[in-house]
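With compact mmCIF, N, CA and C atoms inside, this is data.txt:
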```
# COMPACT_ATOMS: atom_id res chain seq x y z
N LYS Z 19 -13.67 90.04 -4.81
CA LYS Z 19 -13.89 91.34 -4.23
C LYS Z 19 -15.11 91.98 -4.88
N ALA Z 20 -15.97 92.56 -4.06
CA ALA Z 20 -17.21 93.16 -4.56
C ALA Z 20 -16.91 94.44 -5.34
N ALA Z 21 -17.59 94.60 -6.46
CA ALA Z 21 -17.42 95.81 -7.26
C ALA Z 21 -18.00 97.02 -6.54
N PHE Z 22 -19.13 96.80 -5.84
CA PHE Z 22 -19.80 97.88 -5.12
C PHE Z 22 -20.19 97.38 -3.73
N PRO Z 23 -19.26 97.41 -2.77
CA PRO Z 23 -19.61 96.94 -1.43
C PRO Z 23 -20.67 97.83 -0.80
N PHE Z 24 -21.54 97.20 -0.02
CA PHE Z 24 -22.58 97.97 0.65
C PHE Z 24 -22.44 97.79 2.15
N GLY Z 25 -23.17 98.59 2.90
CA GLY Z 25 -23.15 98.47 4.34
C GLY Z 25 -22.38 99.58 5.03
N HIS Z 26 -21.96 100.58 4.27
CA HIS Z 26 -21.20 101.67 4.87
C HIS Z 26 -22.17 102.70 5.45
N GLY Z 27 -22.78 102.36 6.58
CA GLY Z 27 -23.73 103.27 7.22
C GLY Z 27 -23.01 104.38 7.96
N LEU Z 28 -23.71 105.47 8.14
CA LEU Z 28 -23.17 106.61 8.88
C LEU Z 28 -23.34 106.35 10.37
N THR Z 29 -22.28 106.51 11.13
CA THR Z 29 -22.34 106.36 12.57
C THR Z 29 -21.45 107.42 13.22
N TYR Z 30 -21.74 107.69 14.46
CA TYR Z 30 -20.98 108.71 15.18
C TYR Z 30 -20.14 108.08 16.28
N THR Z 31 -19.84 106.81 16.12
CA THR Z 31 -19.03 106.09 17.11
C THR Z 31 -18.19 105.05 16.41
N THR Z 32 -17.38 104.32 17.15
CA THR Z 32 -16.58 103.24 16.60
C THR Z 32 -16.89 101.96 17.35
N PHE Z 33 -16.74 100.84 16.67
CA PHE Z 33 -17.03 99.54 17.26
C PHE Z 33 -15.81 98.64 17.16
N GLU Z 34 -15.61 97.85 18.21
CA GLU Z 34 -14.56 96.82 18.23
C GLU Z 34 -15.25 95.46 18.20
N HIS Z 35 -14.69 94.55 17.41
CA HIS Z 35 -15.28 93.22 17.24
C HIS Z 35 -14.40 92.17 17.90
N SER Z 36 -15.01 91.23 18.61
CA SER Z 36 -14.25 90.15 19.22
C SER Z 36 -14.01 89.05 18.18
N PRO Z 37 -13.06 88.15 18.44
CA PRO Z 37 -12.83 87.03 17.51
C PRO Z 37 -14.09 86.18 17.35
N LEU Z 38 -14.20 85.54 16.19
CA LEU Z 38 -15.34 84.67 15.91
C LEU Z 38 -15.15 83.33 16.59
N VAL Z 39 -16.27 82.75 17.02
CA VAL Z 39 -16.26 81.44 17.66
C VAL Z 39 -17.27 80.55 16.95
N ASN Z 40 -16.85 79.34 16.56
CA ASN Z 40 -17.72 78.35 15.97
C ASN Z 40 -18.27 77.49 17.09
N GLU Z 41 -19.60 77.41 17.22
CA GLU Z 41 -20.23 76.66 18.30
C GLU Z 41 -21.20 75.62 17.73
N THR Z 42 -21.51 74.62 18.55
CA THR Z 42 -22.55 73.68 18.17
C THR Z 42 -23.89 74.36 18.40
N CYS Z 43 -24.88 73.92 17.64
CA CYS Z 43 -26.20 74.56 17.76
C CYS Z 43 -27.29 73.51 17.83
N ASP Z 44 -27.21 72.65 18.80
CA ASP Z 44 -28.20 71.58 18.99
C ASP Z 44 -29.55 72.12 19.44
N ASP Z 45 -29.60 73.33 19.95
CA ASP Z 45 -30.82 73.88 20.51
C ASP Z 45 -31.74 74.55 19.49
N VAL Z 46 -31.32 74.62 18.22
CA VAL Z 46 -32.12 75.28 17.19
C VAL Z 46 -32.36 74.30 16.05
N GLN Z 47 -33.62 74.14 15.65
CA GLN Z 47 -33.95 73.22 14.57
C GLN Z 47 -33.29 73.64 13.26
N ASP Z 48 -32.70 72.69 12.58
CA ASP Z 48 -32.02 72.86 11.28
C ASP Z 48 -30.83 73.81 11.34
N CYS Z 49 -30.28 74.05 12.50
CA CYS Z 49 -29.06 74.85 12.58
C CYS Z 49 -27.87 73.95 12.28
N GLN Z 50 -27.11 74.30 11.26
CA GLN Z 50 -25.96 73.50 10.83
C GLN Z 50 -24.63 74.13 11.25
N LEU Z 51 -24.63 75.43 11.42
CA LEU Z 51 -23.40 76.15 11.73
C LEU Z 51 -23.76 77.39 12.53
N ARG Z 52 -23.09 77.57 13.67
CA ARG Z 52 -23.32 78.76 14.50
C ARG Z 52 -22.01 79.50 14.66
N ILE Z 53 -22.06 80.80 14.38
CA ILE Z 53 -20.92 81.69 14.56
C ILE Z 53 -21.32 82.74 15.58
N ARG Z 54 -20.49 82.89 16.63
CA ARG Z 54 -20.77 83.86 17.68
C ARG Z 54 -19.63 84.88 17.73
N THR Z 55 -19.99 86.12 17.98
CA THR Z 55 -19.02 87.18 18.18
C THR Z 55 -19.64 88.21 19.12
N SER Z 56 -18.90 89.19 19.47
CA SER Z 56 -19.46 90.30 20.23
C SER Z 56 -18.90 91.59 19.67
N VAL Z 57 -19.65 92.64 19.87
CA VAL Z 57 -19.26 93.95 19.37
C VAL Z 57 -19.33 94.94 20.52
N LYS Z 58 -18.28 95.73 20.66
CA LYS Z 58 -18.19 96.71 21.75
C LYS Z 58 -18.22 98.12 21.17
N ASN Z 59 -19.01 98.97 21.80
CA ASN Z 59 -19.03 100.37 21.42
C ASN Z 59 -17.83 101.04 22.08
N ALA Z 60 -16.82 101.35 21.28
CA ALA Z 60 -15.58 101.95 21.79
C ALA Z 60 -15.61 103.48 21.70
N GLY Z 61 -16.73 104.02 21.28
CA GLY Z 61 -16.83 105.48 21.15
C GLY Z 61 -17.54 106.11 22.33
N SER Z 62 -18.04 107.33 22.11
CA SER Z 62 -18.66 108.08 23.20
C SER Z 62 -20.16 108.32 22.98
N VAL Z 63 -20.74 107.72 21.94
CA VAL Z 63 -22.14 107.92 21.62
C VAL Z 63 -22.82 106.55 21.48
N ALA Z 64 -23.99 106.37 22.07
CA ALA Z 64 -24.74 105.12 21.90
C ALA Z 64 -25.19 105.00 20.44
N ALA Z 65 -25.07 103.79 19.88
CA ALA Z 65 -25.46 103.58 18.49
C ALA Z 65 -25.59 102.09 18.20
N PRO Z 66 -26.43 101.75 17.21
CA PRO Z 66 -26.48 100.37 16.72
C PRO Z 66 -25.48 100.18 15.60
N THR Z 67 -25.24 98.93 15.24
CA THR Z 67 -24.44 98.63 14.06
C THR Z 67 -25.01 97.39 13.40
N VAL Z 68 -24.62 97.13 12.19
CA VAL Z 68 -25.06 95.94 11.46
C VAL Z 68 -23.83 95.11 11.13
N LEU Z 69 -23.82 93.87 11.63
CA LEU Z 69 -22.74 92.95 11.32
C LEU Z 69 -23.16 92.05 10.16
N GLN Z 70 -22.26 91.85 9.22
CA GLN Z 70 -22.54 91.02 8.05
C GLN Z 70 -21.65 89.78 8.11
N LEU Z 71 -22.25 88.61 7.86
CA LEU Z 71 -21.52 87.35 7.84
C LEU Z 71 -21.35 86.89 6.39
N TYR Z 72 -20.11 86.73 5.99
CA TYR Z 72 -19.78 86.23 4.66
C TYR Z 72 -19.21 84.84 4.81
N LEU Z 73 -19.58 83.94 3.92
CA LEU Z 73 -19.17 82.55 4.01
C LEU Z 73 -18.47 82.13 2.73
N GLU Z 74 -17.30 81.52 2.87
CA GLU Z 74 -16.59 80.90 1.75
C GLU Z 74 -16.89 79.42 1.80
N PHE Z 75 -17.35 78.87 0.70
CA PHE Z 75 -17.68 77.46 0.62
C PHE Z 75 -16.42 76.63 0.35
N PRO Z 76 -16.47 75.33 0.67
CA PRO Z 76 -15.35 74.45 0.34
C PRO Z 76 -15.09 74.48 -1.18
N ALA Z 77 -13.86 74.22 -1.57
CA ALA Z 77 -13.46 74.29 -2.98
C ALA Z 77 -14.29 73.37 -3.87
N VAL Z 78 -14.76 72.24 -3.34
CA VAL Z 78 -15.55 71.30 -4.14
C VAL Z 78 -16.82 71.94 -4.70
N ALA Z 79 -17.33 72.98 -4.05
CA ALA Z 79 -18.53 73.66 -4.53
C ALA Z 79 -18.26 74.45 -5.81
N GLY Z 80 -17.00 74.84 -6.03
CA GLY Z 80 -16.64 75.58 -7.23
C GLY Z 80 -17.27 76.95 -7.31
N LEU Z 81 -17.46 77.58 -6.17
CA LEU Z 81 -18.12 78.89 -6.13
C LEU Z 81 -17.11 80.01 -5.87
N PRO Z 82 -17.38 81.20 -6.44
CA PRO Z 82 -16.55 82.34 -6.07
C PRO Z 82 -16.82 82.68 -4.60
N ALA Z 83 -15.93 83.34 -3.98
CA ALA Z 83 -16.10 83.61 -2.55
C ALA Z 83 -15.87 85.07 -2.27
N PRO Z 84 -16.34 85.55 -1.20
CA PRO Z 84 -17.31 84.98 -0.26
C PRO Z 84 -18.73 85.42 -0.57
N PHE Z 85 -19.71 84.75 0.02
CA PHE Z 85 -21.12 85.07 -0.14
C PHE Z 85 -21.66 85.70 1.13
N LEU Z 86 -22.49 86.73 0.99
CA LEU Z 86 -23.20 87.27 2.15
C LEU Z 86 -24.27 86.26 2.51
N LYS Z 87 -24.21 85.73 3.73
CA LYS Z 87 -25.17 84.71 4.16
C LYS Z 87 -26.09 85.18 5.26
N ALA Z 88 -25.70 86.19 6.02
CA ALA Z 88 -26.55 86.67 7.10
C ALA Z 88 -26.10 88.06 7.53
N PHE Z 89 -27.01 88.75 8.17
CA PHE Z 89 -26.65 90.03 8.79
C PHE Z 89 -27.54 90.22 10.00
N LYS Z 90 -27.00 90.94 10.99
CA LYS Z 90 -27.74 91.20 12.23
C LYS Z 90 -27.51 92.64 12.64
N LYS Z 91 -28.59 93.30 12.99
CA LYS Z 91 -28.51 94.66 13.53
C LYS Z 91 -28.55 94.56 15.04
N THR Z 92 -27.63 95.22 15.70
CA THR Z 92 -27.61 95.23 17.15
C THR Z 92 -28.62 96.26 17.67
N SER Z 93 -28.85 96.22 18.96
CA SER Z 93 -29.61 97.29 19.59
C SER Z 93 -28.68 98.50 19.68
N SER Z 94 -29.17 99.59 20.17
CA SER Z 94 -28.32 100.75 20.37
C SER Z 94 -27.40 100.44 21.57
N ILE Z 95 -26.11 100.33 21.29
CA ILE Z 95 -25.14 99.92 22.31
C ILE Z 95 -24.59 101.16 23.00
N PRO Z 96 -24.72 101.24 24.32
CA PRO Z 96 -24.17 102.40 25.05
C PRO Z 96 -22.64 102.41 24.99
N PRO Z 97 -22.02 103.56 25.11
CA PRO Z 97 -20.55 103.64 25.11
C PRO Z 97 -19.95 102.69 26.17
N GLY Z 98 -18.93 101.94 25.76
CA GLY Z 98 -18.24 101.02 26.66
C GLY Z 98 -18.93 99.69 26.85
N SER Z 99 -20.13 99.52 26.31
CA SER Z 99 -20.87 98.27 26.47
C SER Z 99 -20.65 97.33 25.29
N THR Z 100 -20.96 96.05 25.53
CA THR Z 100 -20.76 95.00 24.54
C THR Z 100 -22.06 94.25 24.32
N GLU Z 101 -22.30 93.83 23.09
CA GLU Z 101 -23.48 93.01 22.76
C GLU Z 101 -23.03 91.77 22.02
N GLN Z 102 -23.59 90.62 22.41
CA GLN Z 102 -23.33 89.36 21.72
C GLN Z 102 -24.14 89.30 20.44
N VAL Z 103 -23.54 88.74 19.39
CA VAL Z 103 -24.22 88.55 18.11
C VAL Z 103 -24.02 87.09 17.70
N VAL Z 104 -25.13 86.41 17.38
CA VAL Z 104 -25.09 85.00 17.01
C VAL Z 104 -25.70 84.83 15.62
N PHE Z 105 -24.98 84.14 14.76
CA PHE Z 105 -25.48 83.79 13.42
C PHE Z 105 -25.71 82.29 13.39
N ASP Z 106 -26.96 81.86 13.19
CA ASP Z 106 -27.30 80.45 13.03
C ASP Z 106 -27.59 80.21 11.55
N LEU Z 107 -26.83 79.32 10.94
CA LEU Z 107 -27.00 79.03 9.52
C LEU Z 107 -27.69 77.68 9.34
N SER Z 108 -28.66 77.64 8.46
CA SER Z 108 -29.45 76.43 8.20
C SER Z 108 -28.80 75.59 7.10
N SER Z 109 -29.41 74.44 6.83
CA SER Z 109 -28.95 73.58 5.73
C SER Z 109 -28.96 74.34 4.41
N ARG Z 110 -30.00 75.11 4.18
CA ARG Z 110 -30.08 75.88 2.93
C ARG Z 110 -28.96 76.92 2.85
N ASP Z 111 -28.62 77.53 3.98
CA ASP Z 111 -27.55 78.54 3.99
C ASP Z 111 -26.21 77.97 3.58
N ILE Z 112 -25.98 76.69 3.87
CA ILE Z 112 -24.68 76.08 3.53
C ILE Z 112 -24.80 75.15 2.32
N SER Z 113 -25.82 75.40 1.50
CA SER Z 113 -26.01 74.62 0.28
C SER Z 113 -25.74 75.50 -0.94
N TYR Z 114 -25.49 74.84 -2.06
CA TYR Z 114 -25.26 75.55 -3.31
C TYR Z 114 -25.98 74.81 -4.42
N TYR Z 115 -26.27 75.51 -5.50
CA TYR Z 115 -26.95 74.90 -6.63
C TYR Z 115 -25.94 74.19 -7.50
N ASP Z 116 -26.11 72.89 -7.63
CA ASP Z 116 -25.23 72.06 -8.47
C ASP Z 116 -25.91 71.88 -9.82
N VAL Z 117 -25.34 72.46 -10.86
CA VAL Z 117 -25.93 72.42 -12.19
C VAL Z 117 -26.01 70.98 -12.69
N GLY Z 118 -24.99 70.16 -12.42
CA GLY Z 118 -24.98 68.77 -12.87
C GLY Z 118 -26.09 67.94 -12.26
N VAL Z 119 -26.42 68.20 -11.01
CA VAL Z 119 -27.47 67.46 -10.32
C VAL Z 119 -28.83 68.12 -10.52
N GLY Z 120 -28.82 69.44 -10.72
CA GLY Z 120 -30.05 70.18 -10.94
C GLY Z 120 -30.80 70.54 -9.67
N GLU Z 121 -30.09 70.59 -8.56
CA GLU Z 121 -30.74 70.95 -7.29
C GLU Z 121 -29.73 71.47 -6.29
N LEU Z 122 -30.24 71.95 -5.15
CA LEU Z 122 -29.36 72.39 -4.08
C LEU Z 122 -28.67 71.19 -3.44
N VAL Z 123 -27.37 71.36 -3.18
CA VAL Z 123 -26.57 70.32 -2.55
C VAL Z 123 -25.92 70.91 -1.31
N LYS Z 124 -26.05 70.23 -0.19
CA LYS Z 124 -25.42 70.69 1.05
C LYS Z 124 -23.91 70.49 0.93
N ALA Z 125 -23.17 71.57 1.08
CA ALA Z 125 -21.71 71.51 0.95
C ALA Z 125 -21.10 70.80 2.16
N THR Z 126 -20.08 70.04 1.90
CA THR Z 126 -19.33 69.39 2.98
C THR Z 126 -17.88 69.82 2.86
N GLY Z 127 -17.21 69.90 3.97
CA GLY Z 127 -15.82 70.32 3.99
C GLY Z 127 -15.63 71.51 4.91
N THR Z 128 -14.57 72.25 4.67
CA THR Z 128 -14.22 73.37 5.53
C THR Z 128 -14.78 74.67 4.99
N PHE Z 129 -15.54 75.36 5.83
CA PHE Z 129 -16.06 76.68 5.50
C PHE Z 129 -15.17 77.73 6.15
N HIS Z 130 -15.11 78.91 5.56
CA HIS Z 130 -14.41 80.04 6.14
C HIS Z 130 -15.43 81.15 6.33
N ALA Z 131 -15.52 81.65 7.55
CA ALA Z 131 -16.48 82.70 7.87
C ALA Z 131 -15.77 84.03 8.09
N HIS Z 132 -16.40 85.10 7.64
CA HIS Z 132 -15.86 86.45 7.79
C HIS Z 132 -16.99 87.35 8.28
N VAL Z 133 -16.71 88.18 9.28
CA VAL Z 133 -17.71 89.11 9.79
C VAL Z 133 -17.14 90.52 9.76
N GLY Z 134 -17.96 91.44 9.31
CA GLY Z 134 -17.55 92.84 9.27
C GLY Z 134 -18.76 93.74 9.16
N GLU Z 135 -18.49 95.00 8.94
CA GLU Z 135 -19.58 95.96 8.80
C GLU Z 135 -19.90 96.23 7.34
N SER Z 136 -19.09 95.67 6.42
CA SER Z 136 -19.38 95.65 4.99
C SER Z 136 -18.41 94.65 4.37
N SER Z 137 -18.61 94.36 3.10
CA SER Z 137 -17.70 93.42 2.43
C SER Z 137 -16.30 94.01 2.28
N ALA Z 138 -16.19 95.32 2.37
CA ALA Z 138 -14.89 95.97 2.28
C ALA Z 138 -14.29 96.27 3.65
N ASP Z 139 -15.01 95.87 4.71
CA ASP Z 139 -14.57 96.16 6.07
C ASP Z 139 -14.74 94.92 6.95
N ILE Z 140 -14.05 93.85 6.56
CA ILE Z 140 -14.09 92.60 7.33
C ILE Z 140 -13.23 92.77 8.58
N ARG Z 141 -13.82 92.51 9.74
CA ARG Z 141 -13.13 92.71 11.01
C ARG Z 141 -12.48 91.44 11.54
N ASN Z 142 -13.15 90.28 11.31
CA ASN Z 142 -12.61 89.01 11.83
C ASN Z 142 -12.96 87.87 10.89
N SER Z 143 -12.11 86.87 10.90
CA SER Z 143 -12.33 85.67 10.07
C SER Z 143 -12.09 84.43 10.92
N LEU Z 144 -12.77 83.36 10.51
CA LEU Z 144 -12.63 82.07 11.18
C LEU Z 144 -12.39 81.04 10.11
N ARG Z 145 -11.27 80.36 10.22
CA ARG Z 145 -10.93 79.33 9.22
C ARG Z 145 -10.93 77.97 9.85
```
Please express the file's structure as structure tokens.
Amino acid sequence: KAAFPFGHGLTYTTFEHSPLVNETCDDVQDCQLRIRTSVKNAGSVAAPTVLQLYLEFPAVAGLPAPFLKAFKKTSSIPPGSTEQVVFDLSSRDISYYDVGVGELVKATGTFHAHVGESSADIRNSLR
């Protein structure tokens, strides 16, 4: 758990997040993992929001979890409208520094993804 979570922006509306979907990403060079979601403006005022993607690495990496790996700011979403948000993660994004080897190592195994508006406000997870 973060000692000082960030991302608590001021907004005058509320957002609803759809479940996360893991997709293949053959159409983007060096894309290793794609997470798709959508965000709906459930309030009465148009506004943007910033979604943050946190990734938990497989246990073999021996890393604390989760890590902020990406964030995306939406356009100003009108009330009642929905916007798709796609996170494409590269080989570097899913790698960790292995002290024994002395270089970045691409993690293999099961990743857990979490998306929210801050590390203290996770809306959806994908295991």
*Counting only N, CA and C atoms, what is within 7 Å of Leu73 of chain Z, bar same-chain residues fewer than 4 positions away, as a PyMOL selection string?*
chain Z and resi 83-88+129-132
*Hey, what's within 7 Å of Gln50 of chain Z if we count all atoms listed in the file and toss same-chain stuff fewer than 2 positions away? As a PyMOL selection string, please?*
chain Z and resi 43+47-48+52+106-109
*Have a look at atom C of Pro96 of chain Z and atom N of Ala64 of chain Z and let me know their distance in Å, one decimal.*
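About the pair atom C of Pro96 of chain Z and atom N of Ala64 of chain Z: they are 5.1 Å apart.
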*Could you give me, as a VMD selection string, the residues within 8 Å of Phe33 of chain Z, counting only C-alpha atoms and dropping anything in the same chain fewer than 2 positions from it?*
chain Z and resid 31 35 57 to 61
*Go through Z:Phe105, Z:Tyr30, Z:Phe89, Z:Tyr114 and flag the residue nearest Glu74 of chain Z, using only C-alpha atoms for the distances.*
Z:Tyr114
_Best match for closeness to Ile53 of chain Z among Z:Asp116, Z:Ser93, Z:Val103, Z:Asp139, counting only N, CA and C atoms_ =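 That would be Z:Val103, the residue with the smallest distance to Ile53 of chain Z.
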